[in-house]
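Just data31.cif here, mmCIF, N, CA, C and O atoms:
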```
data_model
#
loop_
_atom_site.group_PDB
_atom_site.id
_atom_site.type_symbol
_atom_site.label_atom_id
_atom_site.label_comp_id
_atom_site.auth_asym_id
_atom_site.auth_seq_id
_atom_site.Cartn_x
_atom_site.Cartn_y
_atom_site.Cartn_z
ATOM 1 N N MET A 1 6.418 -71.474 -5.932
ATOM 2 C CA MET A 1 7.569 -71.589 -5.045
ATOM 3 C C MET A 1 7.134 -71.183 -3.623
ATOM 4 O O MET A 1 6.471 -70.178 -3.427
ATOM 5 N N THR A 2 7.520 -71.974 -2.658
ATOM 6 C CA THR A 2 7.163 -71.676 -1.274
ATOM 7 C C THR A 2 8.187 -70.736 -0.663
ATOM 8 O O THR A 2 9.367 -70.767 -1.016
ATOM 9 N N ARG A 3 7.692 -69.936 0.263
ATOM 10 C CA ARG A 3 8.585 -68.990 0.947
ATOM 11 C C ARG A 3 9.357 -69.713 2.040
ATOM 12 O O ARG A 3 8.818 -70.600 2.703
ATOM 13 N N PRO A 4 10.583 -69.332 2.280
ATOM 14 C CA PRO A 4 11.348 -69.954 3.368
ATOM 15 C C PRO A 4 10.756 -69.555 4.730
ATOM 16 O O PRO A 4 10.191 -68.468 4.882
ATOM 17 N N ILE A 5 10.874 -70.429 5.698
ATOM 18 C CA ILE A 5 10.307 -70.208 7.023
ATOM 19 C C ILE A 5 10.906 -68.960 7.685
ATOM 20 O O ILE A 5 10.237 -68.290 8.470
ATOM 21 N N ARG A 6 12.137 -68.637 7.385
ATOM 22 C CA ARG A 6 12.768 -67.465 8.014
ATOM 23 C C ARG A 6 12.039 -66.173 7.665
ATOM 24 O O ARG A 6 12.108 -65.186 8.384
ATOM 25 N N ASP A 7 11.311 -66.160 6.541
ATOM 26 C CA ASP A 7 10.529 -64.981 6.173
ATOM 27 C C ASP A 7 9.342 -64.772 7.101
ATOM 28 O O ASP A 7 8.771 -63.688 7.162
ATOM 29 N N LEU A 8 8.958 -65.828 7.802
ATOM 30 C CA LEU A 8 7.815 -65.755 8.707
ATOM 31 C C LEU A 8 8.236 -65.470 10.154
ATOM 32 O O LEU A 8 7.382 -65.303 11.014
ATOM 33 N N ASP A 9 9.521 -65.461 10.410
ATOM 34 C CA ASP A 9 10.004 -65.217 11.776
ATOM 35 C C ASP A 9 9.600 -63.832 12.264
ATOM 36 O O ASP A 9 9.653 -62.853 11.522
ATOM 37 N N VAL A 10 9.192 -63.799 13.517
ATOM 38 C CA VAL A 10 8.823 -62.541 14.165
ATOM 39 C C VAL A 10 9.610 -62.484 15.472
ATOM 40 O O VAL A 10 9.674 -63.479 16.195
ATOM 41 N N PRO A 11 10.190 -61.353 15.795
ATOM 42 C CA PRO A 11 10.931 -61.263 17.058
ATOM 43 C C PRO A 11 10.021 -61.533 18.259
ATOM 44 O O PRO A 11 8.834 -61.173 18.252
ATOM 45 N N LEU A 12 10.577 -62.173 19.276
ATOM 46 C CA LEU A 12 9.816 -62.499 20.477
ATOM 47 C C LEU A 12 9.213 -61.250 21.111
ATOM 48 O O LEU A 12 8.066 -61.268 21.557
ATOM 49 N N SER A 13 9.949 -60.160 21.119
ATOM 50 C CA SER A 13 9.434 -58.924 21.717
ATOM 51 C C SER A 13 8.170 -58.449 20.992
ATOM 52 O O SER A 13 7.231 -57.951 21.617
ATOM 53 N N GLN A 14 8.129 -58.639 19.677
ATOM 54 C CA GLN A 14 6.942 -58.251 18.906
ATOM 55 C C GLN A 14 5.757 -59.141 19.267
ATOM 56 O O GLN A 14 4.629 -58.668 19.439
ATOM 57 N N LEU A 15 6.004 -60.452 19.414
ATOM 58 C CA LEU A 15 4.934 -61.360 19.807
ATOM 59 C C LEU A 15 4.396 -61.003 21.189
ATOM 60 O O LEU A 15 3.186 -61.002 21.416
ATOM 61 N N GLN A 16 5.295 -60.698 22.117
ATOM 62 C CA GLN A 16 4.870 -60.333 23.472
ATOM 63 C C GLN A 16 4.039 -59.057 23.453
ATOM 64 O O GLN A 16 3.012 -58.958 24.127
ATOM 65 N N GLN A 17 4.475 -58.090 22.689
ATOM 66 C CA GLN A 17 3.742 -56.830 22.582
ATOM 67 C C GLN A 17 2.356 -57.066 21.968
ATOM 68 O O GLN A 17 1.356 -56.526 22.455
ATOM 69 N N ASP A 18 2.285 -57.896 20.942
ATOM 70 C CA ASP A 18 1.004 -58.204 20.307
ATOM 71 C C ASP A 18 0.068 -58.915 21.274
ATOM 72 O O ASP A 18 -1.137 -58.640 21.309
ATOM 73 N N MET A 19 0.610 -59.840 22.066
ATOM 74 C CA MET A 19 -0.216 -60.575 23.029
ATOM 75 C C MET A 19 -0.732 -59.634 24.120
ATOM 76 O O MET A 19 -1.881 -59.732 24.534
ATOM 77 N N ARG A 20 0.125 -58.741 24.609
ATOM 78 C CA ARG A 20 -0.315 -57.772 25.619
ATOM 79 C C ARG A 20 -1.444 -56.905 25.082
ATOM 80 O O ARG A 20 -2.428 -56.634 25.766
ATOM 81 N N ARG A 21 -1.295 -56.469 23.840
ATOM 82 C CA ARG A 21 -2.317 -55.636 23.212
ATOM 83 C C ARG A 21 -3.624 -56.424 23.070
ATOM 84 O O ARG A 21 -4.698 -55.916 23.373
ATOM 85 N N LEU A 22 -3.535 -57.682 22.637
ATOM 86 C CA LEU A 22 -4.715 -58.514 22.467
ATOM 87 C C LEU A 22 -5.430 -58.746 23.800
ATOM 88 O O LEU A 22 -6.651 -58.612 23.894
ATOM 89 N N VAL A 23 -4.669 -59.045 24.844
ATOM 90 C CA VAL A 23 -5.267 -59.270 26.160
ATOM 91 C C VAL A 23 -5.928 -57.994 26.672
ATOM 92 O O VAL A 23 -7.038 -58.034 27.214
ATOM 93 N N ALA A 24 -5.279 -56.856 26.478
ATOM 94 C CA ALA A 24 -5.863 -55.584 26.904
ATOM 95 C C ALA A 24 -7.167 -55.299 26.151
ATOM 96 O O ALA A 24 -8.149 -54.853 26.749
ATOM 97 N N GLN A 25 -7.189 -55.589 24.858
ATOM 98 C CA GLN A 25 -8.410 -55.387 24.073
ATOM 99 C C GLN A 25 -9.523 -56.315 24.547
ATOM 100 O O GLN A 25 -10.686 -55.906 24.653
ATOM 101 N N GLN A 26 -9.174 -57.565 24.850
ATOM 102 C CA GLN A 26 -10.179 -58.517 25.321
ATOM 103 C C GLN A 26 -10.734 -58.105 26.680
ATOM 104 O O GLN A 26 -11.929 -58.224 26.931
ATOM 105 N N ARG A 27 -9.869 -57.629 27.564
ATOM 106 C CA ARG A 27 -10.328 -57.167 28.884
ATOM 107 C C ARG A 27 -11.250 -55.965 28.746
ATOM 108 O O ARG A 27 -12.272 -55.871 29.423
ATOM 109 N N ALA A 28 -10.868 -55.024 27.875
ATOM 110 C CA ALA A 28 -11.700 -53.842 27.669
ATOM 111 C C ALA A 28 -13.055 -54.236 27.086
ATOM 112 O O ALA A 28 -14.096 -53.722 27.515
ATOM 113 N N ALA A 29 -13.056 -55.174 26.155
ATOM 114 C CA ALA A 29 -14.317 -55.623 25.555
ATOM 115 C C ALA A 29 -15.193 -56.317 26.596
ATOM 116 O O ALA A 29 -16.408 -56.103 26.636
ATOM 117 N N ALA A 30 -14.585 -57.137 27.454
ATOM 118 C CA ALA A 30 -15.350 -57.830 28.496
ATOM 119 C C ALA A 30 -15.923 -56.827 29.494
ATOM 120 O O ALA A 30 -17.072 -56.960 29.932
ATOM 121 N N SER A 31 -15.137 -55.818 29.865
ATOM 122 C CA SER A 31 -15.623 -54.789 30.788
ATOM 123 C C SER A 31 -16.773 -54.001 30.171
ATOM 124 O O SER A 31 -17.762 -53.712 30.841
ATOM 125 N N ALA A 32 -16.638 -53.656 28.905
ATOM 126 C CA ALA A 32 -17.699 -52.910 28.223
ATOM 127 C C ALA A 32 -18.969 -53.750 28.120
ATOM 128 O O ALA A 32 -20.076 -53.244 28.313
ATOM 129 N N GLU A 33 -18.795 -55.043 27.843
ATOM 130 C CA GLU A 33 -19.956 -55.932 27.758
ATOM 131 C C GLU A 33 -20.657 -56.033 29.114
ATOM 132 O O GLU A 33 -21.883 -55.972 29.195
ATOM 133 N N ARG A 34 -19.882 -56.150 30.188
ATOM 134 C CA ARG A 34 -20.461 -56.227 31.537
ATOM 135 C C ARG A 34 -21.183 -54.919 31.879
ATOM 136 O O ARG A 34 -22.269 -54.930 32.456
ATOM 137 N N LEU A 35 -20.581 -53.790 31.528
ATOM 138 C CA LEU A 35 -21.198 -52.498 31.789
ATOM 139 C C LEU A 35 -22.518 -52.359 31.031
ATOM 140 O O LEU A 35 -23.522 -51.912 31.592
ATOM 141 N N GLN A 36 -22.527 -52.770 29.769
ATOM 142 C CA GLN A 36 -23.764 -52.703 28.980
ATOM 143 C C GLN A 36 -24.844 -53.585 29.600
ATOM 144 O O GLN A 36 -26.007 -53.204 29.656
ATOM 145 N N LEU A 37 -24.445 -54.762 30.081
ATOM 146 C CA LEU A 37 -25.403 -55.658 30.722
ATOM 147 C C LEU A 37 -25.985 -55.012 31.978
ATOM 148 O O LEU A 37 -27.190 -55.045 32.204
ATOM 149 N N LEU A 38 -25.129 -54.421 32.794
ATOM 150 C CA LEU A 38 -25.594 -53.798 34.037
ATOM 151 C C LEU A 38 -26.449 -52.565 33.774
ATOM 152 O O LEU A 38 -27.387 -52.292 34.524
ATOM 153 N N LEU A 39 -26.125 -51.827 32.724
ATOM 154 C CA LEU A 39 -26.948 -50.667 32.389
ATOM 155 C C LEU A 39 -28.319 -51.104 31.884
ATOM 156 O O LEU A 39 -29.332 -50.472 32.184
ATOM 157 N N ALA A 40 -28.353 -52.190 31.129
ATOM 158 C CA ALA A 40 -29.625 -52.693 30.605
ATOM 159 C C ALA A 40 -30.442 -53.413 31.677
ATOM 160 O O ALA A 40 -31.663 -53.380 31.661
ATOM 161 N N HIS A 41 -29.755 -54.069 32.606
ATOM 162 C CA HIS A 41 -30.420 -54.859 33.654
ATOM 163 C C HIS A 41 -29.774 -54.559 35.004
ATOM 164 O O HIS A 41 -29.010 -55.378 35.525
ATOM 165 N N PRO A 42 -30.076 -53.410 35.603
ATOM 166 C CA PRO A 42 -29.423 -53.048 36.874
ATOM 167 C C PRO A 42 -29.723 -54.026 38.003
ATOM 168 O O PRO A 42 -28.948 -54.152 38.944
ATOM 169 N N GLU A 43 -30.839 -54.732 37.897
ATOM 170 C CA GLU A 43 -31.181 -55.695 38.950
ATOM 171 C C GLU A 43 -30.195 -56.865 38.973
ATOM 172 O O GLU A 43 -30.055 -57.551 39.992
ATOM 173 N N ALA A 44 -29.476 -57.088 37.884
ATOM 174 C CA ALA A 44 -28.514 -58.198 37.829
ATOM 175 C C ALA A 44 -27.340 -57.974 38.779
ATOM 176 O O ALA A 44 -26.721 -58.928 39.237
ATOM 177 N N ALA A 45 -27.056 -56.726 39.105
ATOM 178 C CA ALA A 45 -25.940 -56.441 40.004
ATOM 179 C C ALA A 45 -26.277 -56.759 41.447
ATOM 180 O O ALA A 45 -25.384 -56.968 42.260
ATOM 181 N N ALA A 46 -27.556 -56.829 41.770
ATOM 182 C CA ALA A 46 -27.969 -57.041 43.154
ATOM 183 C C ALA A 46 -28.310 -58.498 43.455
ATOM 184 O O ALA A 46 -28.804 -58.805 44.525
ATOM 185 N N VAL A 47 -28.035 -59.392 42.520
ATOM 186 C CA VAL A 47 -28.347 -60.807 42.725
ATOM 187 C C VAL A 47 -27.326 -61.405 43.692
ATOM 188 O O VAL A 47 -26.127 -61.342 43.435
ATOM 189 N N PRO A 48 -27.784 -61.955 44.830
ATOM 190 C CA PRO A 48 -26.833 -62.542 45.770
ATOM 191 C C PRO A 48 -26.221 -63.824 45.196
ATOM 192 O O PRO A 48 -26.803 -64.474 44.331
ATOM 193 N N ALA A 49 -25.073 -64.151 45.705
ATOM 194 C CA ALA A 49 -24.392 -65.365 45.258
ATOM 195 C C ALA A 49 -25.169 -66.595 45.706
ATOM 196 O O ALA A 49 -25.817 -66.589 46.753
ATOM 197 N N SER A 50 -25.096 -67.642 44.903
ATOM 198 C CA SER A 50 -25.751 -68.900 45.270
ATOM 199 C C SER A 50 -25.009 -69.528 46.446
ATOM 200 O O SER A 50 -23.900 -69.109 46.798
ATOM 201 N N ALA A 51 -25.596 -70.553 47.037
ATOM 202 C CA ALA A 51 -24.953 -71.217 48.175
ATOM 203 C C ALA A 51 -23.595 -71.791 47.776
ATOM 204 O O ALA A 51 -22.626 -71.697 48.536
ATOM 205 N N GLY A 52 -23.507 -72.356 46.586
ATOM 206 C CA GLY A 52 -22.238 -72.908 46.112
ATOM 207 C C GLY A 52 -21.187 -71.829 45.908
ATOM 208 O O GLY A 52 -20.017 -72.013 46.250
ATOM 209 N N GLU A 53 -21.605 -70.681 45.346
ATOM 210 C CA GLU A 53 -20.670 -69.571 45.153
ATOM 211 C C GLU A 53 -20.202 -69.021 46.494
ATOM 212 O O GLU A 53 -19.017 -68.698 46.663
ATOM 213 N N GLN A 54 -21.114 -68.921 47.452
ATOM 214 C CA GLN A 54 -20.728 -68.442 48.778
ATOM 215 C C GLN A 54 -19.731 -69.396 49.430
ATOM 216 O O GLN A 54 -18.757 -68.954 50.042
ATOM 217 N N ALA A 55 -19.960 -70.693 49.281
ATOM 218 C CA ALA A 55 -19.043 -71.677 49.848
ATOM 219 C C ALA A 55 -17.663 -71.554 49.204
ATOM 220 O O ALA A 55 -16.645 -71.614 49.893
ATOM 221 N N GLU A 56 -17.639 -71.354 47.886
ATOM 222 C CA GLU A 56 -16.357 -71.214 47.206
ATOM 223 C C GLU A 56 -15.653 -69.935 47.647
ATOM 224 O O GLU A 56 -14.438 -69.928 47.860
ATOM 225 N N GLN A 57 -16.391 -68.855 47.822
ATOM 226 C CA GLN A 57 -15.778 -67.614 48.275
ATOM 227 C C GLN A 57 -15.249 -67.757 49.696
ATOM 228 O O GLN A 57 -14.179 -67.230 50.013
ATOM 229 N N ARG A 58 -15.975 -68.466 50.545
ATOM 230 C CA ARG A 58 -15.446 -68.717 51.897
ATOM 231 C C ARG A 58 -14.159 -69.521 51.808
ATOM 232 O O ARG A 58 -13.208 -69.276 52.548
ATOM 233 N N HIS A 59 -14.106 -70.451 50.870
ATOM 234 C CA HIS A 59 -12.917 -71.275 50.697
ATOM 235 C C HIS A 59 -11.737 -70.405 50.264
ATOM 236 O O HIS A 59 -10.620 -70.587 50.735
ATOM 237 N N TRP A 60 -11.980 -69.453 49.362
ATOM 238 C CA TRP A 60 -10.905 -68.568 48.917
ATOM 239 C C TRP A 60 -10.377 -67.735 50.072
ATOM 240 O O TRP A 60 -9.198 -67.420 50.126
ATOM 241 N N LEU A 61 -11.258 -67.334 50.974
ATOM 242 C CA LEU A 61 -10.874 -66.454 52.066
ATOM 243 C C LEU A 61 -10.340 -67.202 53.272
ATOM 244 O O LEU A 61 -9.883 -66.596 54.228
ATOM 245 N N TYR A 62 -10.423 -68.516 53.257
ATOM 246 C CA TYR A 62 -10.013 -69.298 54.422
ATOM 247 C C TYR A 62 -8.535 -69.108 54.711
ATOM 248 O O TYR A 62 -7.692 -69.226 53.835
ATOM 249 N N ASP A 63 -8.246 -68.827 55.942
ATOM 250 C CA ASP A 63 -6.876 -68.673 56.407
ATOM 251 C C ASP A 63 -6.526 -69.938 57.183
ATOM 252 O O ASP A 63 -7.135 -70.237 58.205
ATOM 253 N N ALA A 64 -5.556 -70.685 56.711
ATOM 254 C CA ALA A 64 -5.225 -71.973 57.319
ATOM 255 C C ALA A 64 -4.449 -71.832 58.632
ATOM 256 O O ALA A 64 -4.138 -72.830 59.273
ATOM 257 N N ASP A 65 -4.151 -70.631 59.063
ATOM 258 C CA ASP A 65 -3.411 -70.446 60.314
ATOM 259 C C ASP A 65 -4.294 -70.747 61.522
ATOM 260 O O ASP A 65 -5.516 -70.785 61.441
ATOM 261 N N ASP A 66 -3.656 -70.921 62.663
ATOM 262 C CA ASP A 66 -4.379 -71.231 63.897
ATOM 263 C C ASP A 66 -5.319 -70.104 64.311
ATOM 264 O O ASP A 66 -6.335 -70.346 64.963
ATOM 265 N N ASP A 67 -4.991 -68.871 63.931
ATOM 266 C CA ASP A 67 -5.811 -67.730 64.340
ATOM 267 C C ASP A 67 -6.904 -67.398 63.316
ATOM 268 O O ASP A 67 -7.453 -66.306 63.313
ATOM 269 N N ALA A 68 -7.238 -68.343 62.453
ATOM 270 C CA ALA A 68 -8.220 -68.117 61.392
ATOM 271 C C ALA A 68 -9.575 -67.733 61.988
ATOM 272 O O ALA A 68 -10.027 -68.314 62.964
ATOM 273 N N THR A 69 -10.219 -66.733 61.381
ATOM 274 C CA THR A 69 -11.542 -66.312 61.832
ATOM 275 C C THR A 69 -12.635 -66.799 60.901
ATOM 276 O O THR A 69 -13.795 -66.820 61.260
ATOM 277 N N THR A 70 -12.261 -67.202 59.673
ATOM 278 C CA THR A 70 -13.229 -67.725 58.713
ATOM 279 C C THR A 70 -13.211 -69.243 58.801
ATOM 280 O O THR A 70 -12.145 -69.849 58.741
ATOM 281 N N PRO A 71 -14.367 -69.882 58.942
ATOM 282 C CA PRO A 71 -14.359 -71.341 59.048
ATOM 283 C C PRO A 71 -13.869 -72.001 57.768
ATOM 284 O O PRO A 71 -14.024 -71.458 56.677
ATOM 285 N N ALA A 72 -13.289 -73.166 57.931
ATOM 286 C CA ALA A 72 -12.778 -73.901 56.778
ATOM 287 C C ALA A 72 -13.920 -74.385 55.902
ATOM 288 O O ALA A 72 -15.050 -74.531 56.355
ATOM 289 N N PHE A 73 -13.620 -74.627 54.641
ATOM 290 C CA PHE A 73 -14.588 -75.197 53.719
ATOM 291 C C PHE A 73 -14.994 -76.574 54.249
ATOM 292 O O PHE A 73 -14.138 -77.375 54.588
ATOM 293 N N PRO A 74 -16.283 -76.857 54.328
ATOM 294 C CA PRO A 74 -16.711 -78.109 54.961
ATOM 295 C C PRO A 74 -16.522 -79.329 54.062
ATOM 296 O O PRO A 74 -17.457 -79.832 53.455
ATOM 297 N N TYR A 75 -15.278 -79.801 53.958
ATOM 298 C CA TYR A 75 -15.018 -81.008 53.180
ATOM 299 C C TYR A 75 -15.630 -82.203 53.912
ATOM 300 O O TYR A 75 -15.593 -82.256 55.137
ATOM 301 N N PRO A 76 -16.163 -83.179 53.180
ATOM 302 C CA PRO A 76 -16.695 -84.364 53.883
ATOM 303 C C PRO A 76 -15.558 -85.168 54.495
ATOM 304 O O PRO A 76 -14.477 -85.261 53.931
ATOM 305 N N THR A 77 -15.828 -85.711 55.632
ATOM 306 C CA THR A 77 -14.832 -86.578 56.269
ATOM 307 C C THR A 77 -14.783 -87.901 55.522
ATOM 308 O O THR A 77 -15.619 -88.185 54.659
ATOM 309 N N THR A 78 -13.835 -88.758 55.857
ATOM 310 C CA THR A 78 -13.733 -90.041 55.168
ATOM 311 C C THR A 78 -14.967 -90.887 55.420
ATOM 312 O O THR A 78 -15.423 -91.617 54.542
ATOM 313 N N GLN A 79 -15.541 -90.771 56.588
ATOM 314 C CA GLN A 79 -16.743 -91.539 56.905
ATOM 315 C C GLN A 79 -17.945 -91.042 56.101
ATOM 316 O O GLN A 79 -18.802 -91.824 55.700
ATOM 317 N N GLU A 80 -18.027 -89.736 55.887
ATOM 318 C CA GLU A 80 -19.139 -89.159 55.139
ATOM 319 C C GLU A 80 -19.040 -89.458 53.640
ATOM 320 O O GLU A 80 -20.040 -89.555 52.965
ATOM 321 N N ALA A 81 -17.822 -89.562 53.144
ATOM 322 C CA ALA A 81 -17.620 -89.751 51.689
ATOM 323 C C ALA A 81 -17.848 -91.154 51.231
ATOM 324 O O ALA A 81 -18.359 -92.015 51.633
#
```
Let me see the structure of the file written as structure tokens.
Amino acid sequence: MTRPIRDLDVPLSQLQQDMRRLVAQQRAAASAERLQLLLAHPEAAAVPASAGEQAEQRHWLYDADDDATTPAFPYPTTQEA
């Protein structure tokens, strides 16, 4: 005999709490893994970003206002593309 679906119902608040706990555990595990990597290979922390990563970081920091001090990401013009 199969169980009715209502027996499997879980309150939304319980699901939210479980998801928060899972995300917190995953973040802690990722942080611990990164720390172990840096402790084993301290030189990995001093590796400069690649040219592509630097370009992306400049793009994140770009201020589209007229008073922007960071240059815009160099998108190709229509003629260049």
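The gap separating atom N of Ala29 (chain A) from CA of His41 (chain A) is 18.9 Å, in Å to one decimal.
CA of Ala44 (chain A) is found 14.6 Å from atom C of Ser31 (chain A).
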Next on the checklist: I'd like the interatomic distance between CA of Leu38 (chain A) and CA of Gln54 (chain A), to a tenth of an Å.
Outcome noted: 21.3 Å
